[in-house]
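Below is input-v1.cif, which holds mmCIF, C-alpha atoms and all ligand atoms.
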data_input
#
loop_
_atom_site.group_PDB
_atom_site.id
_atom_site.type_symbol
_atom_site.label_atom_id
_atom_site.label_comp_id
_atom_site.auth_asym_id
_atom_site.auth_seq_id
_atom_site.Cartn_x
_atom_site.Cartn_y
_atom_site.Cartn_z
ATOM 1 C CA MET A 1 0.000 0.000 0.000
ATOM 2 C CA LEU A 2 1.158 3.510 -0.793
ATOM 3 C CA ILE A 3 2.082 5.394 2.385
ATOM 4 C CA ILE A 4 2.167 9.058 1.500
ATOM 5 C CA GLY A 5 1.867 12.401 3.255
ATOM 6 C CA SER A 6 3.551 15.745 3.618
ATOM 7 C CA ASN A 7 5.122 18.127 6.004
ATOM 8 C CA VAL A 8 2.396 19.523 8.310
ATOM 9 C CA GLY A 9 2.296 22.034 11.154
ATOM 10 C CA PHE A 10 2.468 21.278 14.873
ATOM 11 C CA ASN A 11 1.099 23.983 17.137
ATOM 12 C CA LYS A 12 1.038 24.444 20.868
ATOM 13 C CA LYS A 13 -2.721 24.218 21.190
ATOM 14 C CA ASN A 14 -3.579 21.126 19.147
ATOM 15 C CA GLN A 15 -0.192 19.392 18.882
ATOM 16 C CA LEU A 16 -0.244 15.901 17.321
ATOM 17 C CA LEU A 17 -4.025 15.986 16.917
ATOM 18 C CA GLY A 18 -3.778 19.184 14.864
ATOM 19 C CA SER A 19 -0.993 17.743 12.696
ATOM 20 C CA LEU A 20 -3.067 14.615 12.073
ATOM 21 C CA LYS A 21 -6.143 16.619 11.097
ATOM 22 C CA GLU A 22 -4.114 18.690 8.650
ATOM 23 C CA ALA A 23 -2.744 15.468 7.109
ATOM 24 C CA LEU A 24 -6.253 14.020 6.841
ATOM 25 C CA SER A 25 -7.377 17.159 5.009
ATOM 26 C CA TYR A 26 -4.771 16.291 2.323
ATOM 27 C CA ASN A 27 -6.077 12.691 2.128
ATOM 28 C CA ALA A 28 -2.687 11.580 3.410
ATOM 29 C CA ASN A 29 -2.090 8.406 5.422
ATOM 30 C CA THR A 30 1.114 9.599 7.039
ATOM 31 C CA PHE A 31 2.812 12.940 7.792
ATOM 32 C CA MET A 32 5.921 14.678 9.059
ATOM 33 C CA PHE A 33 6.198 17.602 11.454
ATOM 34 C CA TYR A 34 8.636 19.657 13.499
ATOM 35 C CA THR A 35 7.904 19.623 17.240
ATOM 36 C CA GLY A 36 8.177 23.442 17.098
ATOM 37 C CA ALA A 37 9.510 26.044 14.653
ATOM 38 C CA PRO A 38 12.324 24.470 12.588
ATOM 39 C CA GLN A 39 14.533 27.560 13.065
ATOM 40 C CA ASN A 40 14.329 27.830 16.852
ATOM 41 C CA THR A 41 14.357 25.791 20.035
ATOM 42 C CA ALA A 42 11.112 26.992 21.642
ATOM 43 C CA ARG A 43 9.194 23.808 22.413
ATOM 44 C CA SER A 44 5.998 23.310 24.384
ATOM 45 C CA GLU A 45 5.353 20.506 26.852
ATOM 46 C CA ILE A 46 3.797 17.466 25.166
ATOM 47 C CA ASN A 47 0.145 17.137 26.161
ATOM 48 C CA GLU A 48 -0.604 13.462 26.741
ATOM 49 C CA GLU A 49 -4.350 13.826 26.306
ATOM 50 C CA LEU A 50 -3.932 15.316 22.826
ATOM 51 C CA THR A 51 -1.497 12.536 21.945
ATOM 52 C CA LEU A 52 -3.960 9.858 23.068
ATOM 53 C CA GLU A 53 -6.783 11.511 21.172
ATOM 54 C CA ALA A 54 -4.625 11.620 18.037
ATOM 55 C CA ILE A 55 -3.728 7.946 18.417
ATOM 56 C CA LYS A 56 -7.401 7.069 18.738
ATOM 57 C CA LEU A 57 -8.255 8.994 15.571
ATOM 58 C CA MET A 58 -5.377 7.329 13.720
ATOM 59 C CA LYS A 59 -6.795 3.927 14.623
ATOM 60 C CA GLU A 60 -10.197 4.948 13.291
ATOM 61 C CA LYS A 61 -8.613 6.153 10.049
ATOM 62 C CA ALA A 62 -6.345 3.076 9.772
ATOM 63 C CA ILE A 63 -3.196 5.200 9.895
ATOM 64 C CA ASP A 64 -0.052 3.347 10.913
ATOM 65 C CA TYR A 65 1.422 5.393 13.749
ATOM 66 C CA SER A 66 4.852 3.820 13.298
ATOM 67 C CA LYS A 67 5.194 5.517 9.875
ATOM 68 C CA ILE A 68 4.868 9.070 11.173
ATOM 69 C CA ILE A 69 7.998 11.195 11.046
ATOM 70 C CA VAL A 70 9.435 14.034 13.097
ATOM 71 C CA HIS A 71 12.083 16.311 11.563
ATOM 72 C CA ALA A 72 14.739 17.716 13.899
ATOM 73 C CA PRO A 73 15.278 21.510 13.648
ATOM 74 C CA TYR A 74 17.951 22.864 11.291
ATOM 75 C CA ILE A 75 19.761 24.623 14.108
ATOM 76 C CA ILE A 76 21.042 21.314 15.416
ATOM 77 C CA ASN A 77 24.556 20.946 14.033
ATOM 78 C CA ILE A 78 26.528 18.297 15.882
ATOM 79 C CA CYS A 79 29.221 18.704 13.258
ATOM 80 C CA ASN A 80 30.207 22.192 14.357
ATOM 81 C CA GLU A 81 32.399 22.353 17.466
ATOM 82 C CA GLU A 82 31.015 25.693 18.657
ATOM 83 C CA LYS A 83 27.455 24.373 18.640
ATOM 84 C CA PHE A 84 28.358 20.855 19.715
ATOM 85 C CA ASN A 85 27.141 20.869 23.326
ATOM 86 C CA PHE A 86 23.998 22.798 22.505
ATOM 87 C CA SER A 87 23.221 20.429 19.622
ATOM 88 C CA VAL A 88 23.831 17.261 21.636
ATOM 89 C CA ASN A 89 21.559 18.522 24.415
ATOM 90 C CA PHE A 90 18.819 19.650 22.080
ATOM 91 C CA LEU A 91 18.915 16.416 20.091
ATOM 92 C CA THR A 92 18.671 14.450 23.342
ATOM 93 C CA GLU A 93 15.575 16.474 24.299
ATOM 94 C CA GLU A 94 14.131 15.956 20.841
ATOM 95 C CA LEU A 95 14.571 12.189 21.197
ATOM 96 C CA ASN A 96 12.835 12.346 24.579
ATOM 97 C CA ARG A 97 9.946 14.276 23.024
ATOM 98 C CA CYS A 98 9.611 11.720 20.225
ATOM 99 C CA ASN A 99 9.636 8.889 22.750
ATOM 100 C CA LYS A 100 6.914 10.668 24.709
ATOM 101 C CA LEU A 101 4.831 11.077 21.548
ATOM 102 C CA GLY A 102 5.464 7.444 20.597
ATOM 103 C CA ILE A 103 7.090 8.515 17.324
ATOM 104 C CA LYS A 104 9.465 5.989 15.788
ATOM 105 C CA TYR A 105 11.420 8.066 13.241
ATOM 106 C CA LEU A 106 13.352 11.313 13.681
ATOM 107 C CA VAL A 107 14.954 12.792 10.549
ATOM 108 C CA LEU A 108 18.233 14.617 11.114
ATOM 109 C CA HIS A 109 20.489 16.623 8.798
ATOM 110 C CA PRO A 110 24.000 15.307 9.437
ATOM 111 C CA GLY A 111 25.272 18.896 9.658
ATOM 112 C CA SER A 112 27.720 21.354 8.083
ATOM 113 C CA HIS A 113 31.393 21.295 8.975
ATOM 114 C CA VAL A 114 31.790 25.063 8.341
ATOM 115 C CA GLY A 115 35.467 24.843 7.404
ATOM 116 C CA LEU A 116 36.600 22.046 9.717
ATOM 117 C CA GLY A 117 36.820 19.623 6.829
ATOM 118 C CA LYS A 118 34.798 16.528 6.149
ATOM 119 C CA GLU A 119 36.792 14.091 8.228
ATOM 120 C CA LYS A 120 36.659 16.146 11.425
ATOM 121 C CA GLY A 121 33.025 16.953 10.765
ATOM 122 C CA ILE A 122 32.095 13.291 10.434
ATOM 123 C CA ASN A 123 34.049 12.459 13.586
ATOM 124 C CA ASN A 124 32.087 15.111 15.483
ATOM 125 C CA ILE A 125 28.786 13.709 14.208
ATOM 126 C CA ILE A 126 29.780 10.213 15.333
ATOM 127 C CA LYS A 127 30.913 11.499 18.720
ATOM 128 C CA GLY A 128 27.694 13.510 19.132
ATOM 129 C CA LEU A 129 25.383 10.657 18.152
ATOM 130 C CA ASN A 130 27.171 8.283 20.511
ATOM 131 C CA ILE A 131 26.659 10.741 23.390
ATOM 132 C CA VAL A 132 22.997 11.298 22.455
ATOM 133 C CA PHE A 133 22.222 7.577 22.266
ATOM 134 C CA ASN A 134 24.048 7.040 25.533
ATOM 135 C CA ASN A 135 21.955 9.792 27.151
ATOM 136 C CA VAL A 136 18.680 8.061 26.262
ATOM 137 C CA LYS A 137 19.903 4.459 26.455
ATOM 138 C CA GLU A 138 17.283 1.800 27.337
ATOM 139 C CA LYS A 139 14.418 4.285 27.250
ATOM 140 C CA ASN A 140 14.827 4.899 23.530
ATOM 141 C CA ASN A 141 12.502 3.506 20.841
ATOM 142 C CA VAL A 142 13.308 6.197 18.275
ATOM 143 C CA ILE A 143 15.383 5.652 15.151
ATOM 144 C CA ILE A 144 17.355 8.655 13.905
ATOM 145 C CA LEU A 145 17.279 8.837 10.102
ATOM 146 C CA LEU A 146 20.262 10.652 8.576
ATOM 147 C CA GLU A 147 19.027 12.641 5.594
ATOM 148 C CA THR A 148 20.938 12.606 2.312
ATOM 149 C CA MET A 149 21.866 16.227 1.539
ATOM 150 C CA ALA A 150 22.305 18.360 -1.581
ATOM 151 C CA GLY A 151 25.867 19.384 -0.689
ATOM 152 C CA LYS A 152 25.094 23.073 -0.258
ATOM 153 C CA GLY A 153 27.974 24.938 1.401
ATOM 154 C CA THR A 154 29.859 22.580 3.691
ATOM 155 C CA GLU A 155 27.034 20.108 4.214
ATOM 156 C CA ILE A 156 27.957 16.566 5.116
ATOM 157 C CA GLY A 157 25.772 13.752 3.812
ATOM 158 C CA SER A 158 25.779 14.607 0.112
ATOM 159 C CA THR A 159 27.448 11.271 -0.638
ATOM 160 C CA LEU A 160 26.393 7.790 0.412
ATOM 161 C CA GLU A 161 29.945 7.292 1.660
ATOM 162 C CA ASP A 162 29.470 10.141 4.191
ATOM 163 C CA ILE A 163 26.332 8.434 5.492
ATOM 164 C CA LYS A 164 28.023 5.047 5.597
ATOM 165 C CA ASN A 165 31.035 6.462 7.472
ATOM 166 C CA ILE A 166 28.750 7.971 10.109
ATOM 167 C CA ILE A 167 26.783 4.741 10.575
ATOM 168 C CA ASP A 168 30.037 2.761 10.800
ATOM 169 C CA GLY A 169 31.237 4.914 13.686
ATOM 170 C CA VAL A 170 28.062 4.905 15.769
ATOM 171 C CA ASN A 171 27.775 2.176 18.389
ATOM 172 C CA ASP A 172 23.990 1.959 18.560
ATOM 173 C CA LYS A 173 23.426 1.087 14.890
ATOM 174 C CA ASN A 174 19.957 -0.333 15.581
ATOM 175 C CA HIS A 175 18.737 3.201 16.235
ATOM 176 C CA LEU A 176 20.227 4.680 13.079
ATOM 177 C CA GLY A 177 18.809 4.703 9.552
ATOM 178 C CA VAL A 178 18.595 6.835 6.424
ATOM 179 C CA CYS A 179 16.094 9.265 4.890
ATOM 180 C CA LEU A 180 16.450 9.668 1.128
ATOM 181 C CA ASP A 181 15.491 13.084 -0.274
ATOM 182 C CA THR A 182 14.961 12.986 -4.038
ATOM 183 C CA CYS A 183 15.710 16.707 -4.555
ATOM 184 C CA HIS A 184 18.881 16.418 -2.504
ATOM 185 C CA LEU A 185 20.025 13.228 -4.271
ATOM 186 C CA SER A 186 19.595 14.840 -7.678
ATOM 187 C CA ASP A 187 21.222 18.103 -6.570
ATOM 188 C CA ALA A 188 24.099 16.083 -5.101
ATOM 189 C CA GLY A 189 24.690 14.519 -8.507
ATOM 190 C CA TYR A 190 23.153 11.063 -8.133
ATOM 191 C CA ASP A 191 21.457 9.703 -11.235
ATOM 192 C CA ILE A 192 18.004 8.906 -9.904
ATOM 193 C CA VAL A 193 16.540 8.554 -13.397
ATOM 194 C CA ASN A 194 18.156 5.117 -13.341
ATOM 195 C CA PHE A 195 16.837 4.505 -9.864
ATOM 196 C CA ASP A 196 17.391 0.729 -9.860
ATOM 197 C CA LEU A 197 21.109 1.293 -10.309
ATOM 198 C CA PHE A 198 21.115 3.853 -7.513
ATOM 199 C CA LEU A 199 19.260 1.481 -5.189
ATOM 200 C CA GLU A 200 21.686 -1.323 -5.997
ATOM 201 C CA GLN A 201 24.577 0.958 -5.108
ATOM 202 C CA PHE A 202 22.808 2.008 -1.906
ATOM 203 C CA ASP A 203 22.061 -1.577 -0.982
ATOM 204 C CA LYS A 204 25.691 -2.665 -1.406
ATOM 205 C CA LEU A 205 27.037 0.230 0.644
ATOM 206 C CA ILE A 206 24.425 0.744 3.361
ATOM 207 C CA GLY A 207 21.523 -1.705 2.919
ATOM 208 C CA ILE A 208 17.987 -0.964 1.739
ATOM 209 C CA ASP A 209 16.628 -2.078 5.116
ATOM 210 C CA LYS A 210 18.191 1.092 6.591
ATOM 211 C CA ILE A 211 15.821 3.375 4.655
ATOM 212 C CA GLY A 212 13.099 4.638 7.007
ATOM 213 C CA CYS A 213 11.639 7.528 5.012
ATOM 214 C CA ILE A 214 11.721 9.090 1.557
ATOM 215 C CA HIS A 215 11.311 12.819 1.007
ATOM 216 C CA VAL A 216 9.712 13.185 -2.401
ATOM 217 C CA ASN A 217 10.483 16.583 -3.925
ATOM 218 C CA ASP A 218 11.150 17.827 -7.397
ATOM 219 C CA SER A 219 14.130 20.196 -7.844
ATOM 220 C CA LYS A 220 14.272 23.738 -9.208
ATOM 221 C CA ASN A 221 17.769 22.987 -10.454
ATOM 222 C CA VAL A 222 19.572 20.578 -12.754
ATOM 223 C CA ALA A 223 21.378 17.519 -11.400
ATOM 224 C CA ALA A 224 24.600 18.165 -9.440
ATOM 225 C CA SER A 225 23.708 21.822 -8.808
ATOM 226 C CA HIS A 226 24.174 21.512 -4.999
ATOM 227 C CA LYS A 227 21.464 24.134 -4.500
ATOM 228 C CA ASP A 228 18.687 22.444 -2.467
ATOM 229 C CA ARG A 229 15.632 24.253 -3.737
ATOM 230 C CA HIS A 230 12.537 22.074 -3.815
ATOM 231 C CA GLU A 231 9.942 22.251 -6.581
ATOM 232 C CA ASN A 232 6.389 20.948 -6.890
ATOM 233 C CA ILE A 233 6.016 17.378 -8.131
ATOM 234 C CA GLY A 234 6.543 17.189 -11.899
ATOM 235 C CA PHE A 235 7.371 20.881 -12.295
ATOM 236 C CA GLY A 236 11.114 20.627 -11.803
ATOM 237 C CA HIS A 237 14.207 19.055 -13.318
ATOM 238 C CA ILE A 238 13.591 15.577 -11.899
ATOM 239 C CA GLY A 239 10.164 15.209 -13.454
ATOM 240 C CA PHE A 240 6.985 13.309 -12.741
ATOM 241 C CA GLN A 241 7.918 9.916 -14.194
ATOM 242 C CA THR A 242 11.163 9.582 -12.255
ATOM 243 C CA LEU A 243 9.461 10.588 -9.014
ATOM 244 C CA LEU A 244 6.614 8.159 -9.708
ATOM 245 C CA ASN A 245 9.132 5.335 -10.299
ATOM 246 C CA ILE A 246 10.600 6.006 -6.863
ATOM 247 C CA ILE A 247 7.248 6.403 -5.093
ATOM 248 C CA TYR A 248 5.906 3.123 -6.480
ATOM 249 C CA HIS A 249 9.163 1.156 -6.367
ATOM 250 C CA LYS A 250 8.424 -2.413 -5.234
ATOM 251 C CA ARG A 251 11.356 -2.551 -2.824
ATOM 252 C CA LEU A 252 10.322 0.688 -1.112
ATOM 253 C CA GLU A 253 6.659 -0.204 -0.728
ATOM 254 C CA ASN A 254 6.301 0.065 3.039
ATOM 255 C CA ILE A 255 8.450 3.147 3.435
ATOM 256 C CA PRO A 256 6.597 6.424 4.106
ATOM 257 C CA LYS A 257 6.902 9.027 1.326
ATOM 258 C CA ILE A 258 6.807 12.648 2.498
ATOM 259 C CA LEU A 259 6.294 15.701 0.277
ATOM 260 C CA GLU A 260 8.224 18.854 1.227
ATOM 261 C CA THR A 261 7.283 20.769 -1.893
ATOM 262 C CA PRO A 262 6.787 24.550 -1.742
ATOM 263 C CA TYR A 263 3.497 26.291 -1.126
ATOM 264 C CA VAL A 264 2.194 27.841 -4.331
ATOM 265 C CA GLU A 265 2.833 31.587 -4.202
ATOM 266 C CA LYS A 266 3.882 30.999 -0.589
ATOM 267 C CA GLU A 267 0.228 30.737 0.348
ATOM 268 C CA PHE A 268 -1.494 27.646 -0.981
ATOM 269 C CA ALA A 269 -0.631 24.200 0.375
ATOM 270 C CA PRO A 270 -0.104 21.907 -2.624
ATOM 271 C CA TYR A 271 -0.225 18.586 -0.820
ATOM 272 C CA LYS A 272 -3.833 17.506 -1.310
ATOM 273 C CA TYR A 273 -3.449 18.124 -5.057
ATOM 274 C CA GLU A 274 -0.032 16.554 -5.412
ATOM 275 C CA ILE A 275 -1.114 13.446 -3.485
ATOM 276 C CA GLU A 276 -4.157 13.096 -5.714
ATOM 277 C CA MET A 277 -2.016 13.467 -8.847
ATOM 278 C CA ILE A 278 0.415 10.838 -7.551
ATOM 279 C CA LYS A 279 -2.471 8.447 -6.864
ATOM 280 C CA ASN A 280 -3.827 9.072 -10.387
ATOM 281 C CA LYS A 281 -0.307 8.424 -11.761
ATOM 282 C CA LYS A 282 -0.858 11.092 -14.385
ATOM 283 C CA PHE A 283 0.893 14.458 -14.574
ATOM 284 C CA ASP A 284 -1.420 17.471 -14.576
ATOM 285 C CA GLN A 285 0.136 20.475 -16.294
ATOM 286 C CA ASN A 286 -2.566 22.710 -14.800
ATOM 287 C CA LEU A 287 -2.057 21.597 -11.214
ATOM 288 C CA LEU A 288 -0.484 24.829 -9.938
ATOM 289 C CA GLU A 289 -3.382 26.841 -11.346
ATOM 290 C CA LYS A 290 -5.855 24.525 -9.606
ATOM 291 C CA ILE A 291 -3.992 24.880 -6.320
ATOM 292 C CA LYS A 292 -4.107 28.670 -6.575
ATOM 293 C CA LYS A 293 -7.830 28.554 -7.121
ATOM 294 C CA GLN A 294 -8.247 25.745 -4.546
ATOM 295 C CA ILE A 295 -10.613 23.792 -6.780
HETATM 296 FE FE FE B 1 15.409 17.823 5.769
HETATM 297 FE FE FE B 2 14.155 16.657 2.952
HETATM 298 ZN ZN ZN B 3 15.915 20.291 1.065
#
Written as structure tokens, how would this file's structure read?
Amino acid sequence: MLIIGSNVGFNKKNQLLGSLKEALSYNANTFMFYTGAPQNTARSEINEELTLEAIKLMKEKAIDYSKIIVHAPYIINICNEEKFNFSVNFLTEELNRCNKLGIKYLVLHPGSHVGLGKEKGINNIIKGLNIVFNNVKEKNNVIILLETMAGKGTEIGSTLEDIKNIIDGVNDKNHLGVCLDTCHLSDAGYDIVNFDLFLEQFDKLIGIDKIGCIHVNDSKNVAASHKDRHENIGFGHIGFQTLLNIIYHKRLENIPKILETPYVEKEFAPYKYEIEMIKNKKFDQNLLEKIKKQI
């Protein structure tokens, strides 16, 4: 069965229940959210009643709770020595929050080395993740998914080797996996048009069983541009057919697919329309117009 959703909001008042309702309004059967604003660390206390109510509604709607994703905020950078302690502490808290919410997957950007060099950067990530996992130890049911990155600036994680090197160094490998982002893979220079070849390469190096989530985004830029600017499904340089091949790939069937495509004119959420188009398996050239008019 296709498990597909998008990034949704998470507000103080309605929390998980609000996120779920937004996802349902897009006819999604999964979703991803930040536990607060992605750019800051202000986080509200998790309200257990709202969580329980959300879980009840998920059961009614036959939504598999274990496929729901949290994305860690961008300000976490365990790669950077200046922000190391802050990042380790915040990531530990984020893991605790996910455990409290009963969320299984937490997506994390590996980080940017900001001039330290790749090797030192990767060593810091390994060190940081080992501390974080040690902090939460037996109480942890959350798997951190390292996201593949576009290679903007000094980002680590734009090659599968980066990801593999991090996993190799972390002790608690059972709590570590990978999130593939189609825009980032293309921007990083991977040929995802021939996706079977890419998957084969991934499987040899890391193992398909490590993939916990796929971010499905088109890209505003050509392959290997290292830009990281997402585009609506079928309207970018990756294209509808390639994205469809990935979404419906037999070996990725049970993995949640999450859209992080841009709002149309910064105002209109595209997700309901994009999900419908993906389910129809037919590209609609007029989709952006429809979204603007909300018809
Ligand atoms: Fe991300
Ligand atoms: Fe992403
Ligand atoms: Zn991105």
Translate the PyMOL selection byres (((not hetatm)) within 10 of (chain B and resi 2)) into a concrete residue list for this structure, as a ChimeraX atom specification. /A:7,71,107-109,147-150,179-185,213-217,228,230,258-261
Let's have the selection written as a PDB file, in the frame of the given file, with C-alpha atoms.
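Result saved to result23.pdb:
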ATOM      1  CA  ASN A   7       5.122  18.127   6.004  1.00  0.00           C
ATOM      2  CA  HIS A  71      12.083  16.311  11.563  1.00  0.00           C
ATOM      3  CA  VAL A 107      14.954  12.792  10.549  1.00  0.00           C
ATOM      4  CA  LEU A 108      18.233  14.617  11.114  1.00  0.00           C
ATOM      5  CA  HIS A 109      20.489  16.623   8.798  1.00  0.00           C
ATOM      6  CA  GLU A 147      19.027  12.641   5.594  1.00  0.00           C
ATOM      7  CA  THR A 148      20.938  12.606   2.312  1.00  0.00           C
ATOM      8  CA  MET A 149      21.866  16.227   1.539  1.00  0.00           C
ATOM      9  CA  ALA A 150      22.305  18.360  -1.581  1.00  0.00           C
ATOM     10  CA  CYS A 179      16.094   9.265   4.890  1.00  0.00           C
ATOM     11  CA  LEU A 180      16.450   9.668   1.128  1.00  0.00           C
ATOM     12  CA  ASP A 181      15.491  13.084  -0.274  1.00  0.00           C
ATOM     13  CA  THR A 182      14.961  12.986  -4.038  1.00  0.00           C
ATOM     14  CA  CYS A 183      15.710  16.707  -4.555  1.00  0.00           C
ATOM     15  CA  HIS A 184      18.881  16.418  -2.504  1.00  0.00           C
ATOM     16  CA  LEU A 185      20.025  13.228  -4.271  1.00  0.00           C
ATOM     17  CA  CYS A 213      11.639   7.528   5.012  1.00  0.00           C
ATOM     18  CA  ILE A 214      11.721   9.090   1.557  1.00  0.00           C
ATOM     19  CA  HIS A 215      11.311  12.819   1.007  1.00  0.00           C
ATOM     20  CA  VAL A 216       9.712  13.185  -2.401  1.00  0.00           C
ATOM     21  CA  ASN A 217      10.483  16.583  -3.925  1.00  0.00           C
ATOM     22  CA  ASP A 228      18.687  22.444  -2.467  1.00  0.00           C
ATOM     23  CA  HIS A 230      12.537  22.074  -3.815  1.00  0.00           C
ATOM     24  CA  ILE A 258       6.807  12.648   2.498  1.00  0.00           C
ATOM     25  CA  LEU A 259       6.294  15.701   0.277  1.00  0.00           C
ATOM     26  CA  GLU A 260       8.224  18.854   1.227  1.00  0.00           C
ATOM     27  CA  THR A 261       7.283  20.769  -1.893  1.00  0.00           C
TER      28      THR A 261
END
How would you write as a compact mmCIF listing (two decimals) with C-alpha atoms, keeping the file's coordinate frame the residues that get within 12 Å of (16.7, 3.9, -6.5) in the file's frame, counting all atoms listed in the file?
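point26.txt, freshly written:
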# COMPACT_ATOMS: atom_id res chain seq x y z
CA LEU A 180 16.45 9.67 1.13
CA ASP A 181 15.49 13.08 -0.27
CA THR A 182 14.96 12.99 -4.04
CA LEU A 185 20.02 13.23 -4.27
CA SER A 186 19.60 14.84 -7.68
CA TYR A 190 23.15 11.06 -8.13
CA ASP A 191 21.46 9.70 -11.24
CA ILE A 192 18.00 8.91 -9.90
CA VAL A 193 16.54 8.55 -13.40
CA ASN A 194 18.16 5.12 -13.34
CA PHE A 195 16.84 4.50 -9.86
CA ASP A 196 17.39 0.73 -9.86
CA LEU A 197 21.11 1.29 -10.31
CA PHE A 198 21.12 3.85 -7.51
CA LEU A 199 19.26 1.48 -5.19
CA GLU A 200 21.69 -1.32 -6.00
CA GLN A 201 24.58 0.96 -5.11
CA PHE A 202 22.81 2.01 -1.91
CA ASP A 203 22.06 -1.58 -0.98
CA GLY A 207 21.52 -1.70 2.92
CA ILE A 208 17.99 -0.96 1.74
CA ILE A 211 15.82 3.38 4.66
CA ILE A 214 11.72 9.09 1.56
CA THR A 242 11.16 9.58 -12.26
CA LEU A 243 9.46 10.59 -9.01
CA LEU A 244 6.61 8.16 -9.71
CA ASN A 245 9.13 5.34 -10.30
CA ILE A 246 10.60 6.01 -6.86
CA ILE A 247 7.25 6.40 -5.09
CA TYR A 248 5.91 3.12 -6.48
CA HIS A 249 9.16 1.16 -6.37
CA LYS A 250 8.42 -2.41 -5.23
CA ARG A 251 11.36 -2.55 -2.82
CA LEU A 252 10.32 0.69 -1.11
Using all atoms listed in the file, which protein or nucleic acid residues come within 10 Å of Met277 in chain A? Drop anything in the same chain fewer than 4 positions from it, and give the result as a PyMOL selection string. chain A and resi 233-234+240+271-273+281-284+287
With C-alpha atoms retained, could you export that selection as a PDB file, in the frame of the given file?
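The result, written out as out_3.pdb:
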ATOM      1  CA  ILE A 233       6.016  17.378  -8.131  1.00  0.00           C
ATOM      2  CA  GLY A 234       6.543  17.189 -11.899  1.00  0.00           C
ATOM      3  CA  PHE A 240       6.985  13.309 -12.741  1.00  0.00           C
ATOM      4  CA  TYR A 271      -0.225  18.586  -0.820  1.00  0.00           C
ATOM      5  CA  LYS A 272      -3.833  17.506  -1.310  1.00  0.00           C
ATOM      6  CA  TYR A 273      -3.449  18.124  -5.057  1.00  0.00           C
ATOM      7  CA  LYS A 281      -0.307   8.424 -11.761  1.00  0.00           C
ATOM      8  CA  LYS A 282      -0.858  11.092 -14.385  1.00  0.00           C
ATOM      9  CA  PHE A 283       0.893  14.458 -14.574  1.00  0.00           C
ATOM     10  CA  ASP A 284      -1.420  17.471 -14.576  1.00  0.00           C
ATOM     11  CA  LEU A 287      -2.057  21.597 -11.214  1.00  0.00           C
TER      12      LEU A 287
END
How many Å separate CA of Glu53 in chain A from CA of Gly102 in chain A? 12.9 Å
Coordinates-based distance that separates CA of Lys67 in chain A from CA of Lys127 in chain A (Å, one decimal): 27.8 Å
What do you get, as number ranges by chain, if you spell out every residue that the PyMOL selection byres (((chain A and resi 129-144) around 10) and not hetatm) selects here? A: 70-72, 78, 87-93, 95-100, 102-110, 123-128, 145-147, 166-167, 169-179, 212
Record the distance separating CA of Gly111 in chain A and CA of Gly157 in chain A, expressed in Å with one decimal.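 Here the two named atoms are 7.8 Å from each other.
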As AutoDock Vina command-line options, please: the centre and edge lengths in Å, to one decimal, of an axis-aligned box enclosing every listed atom of range 125-131 of chain A with 4 Å added on each side.
--center_x 28.1 --center_y 11.0 --center_z 18.8 --size_x 13.5 --size_y 13.4 --size_z 17.2
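Considering all atoms listed in the file, the residue among A:Ile69, A:Ala188, A:Leu101, A:Ile63 positioned nearest to ligand ZN 3 (chain B) is A:Ala188.
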Would you kindly translate the PyMOL selection byres (((chain A and resi 156) around 8) and not hetatm) into the concrete residues it picks from this file, as JSON, numbers by chain? {"A": [110, 111, 112, 113, 118, 121, 122, 149, 151, 154, 155, 157, 158, 159, 162]}
Tell me which of A:Pro73, A:Gly117, A:Gly153, A:Pro262 sits closest to Glu274 in chain A, counting all atoms listed in the file. A:Pro262
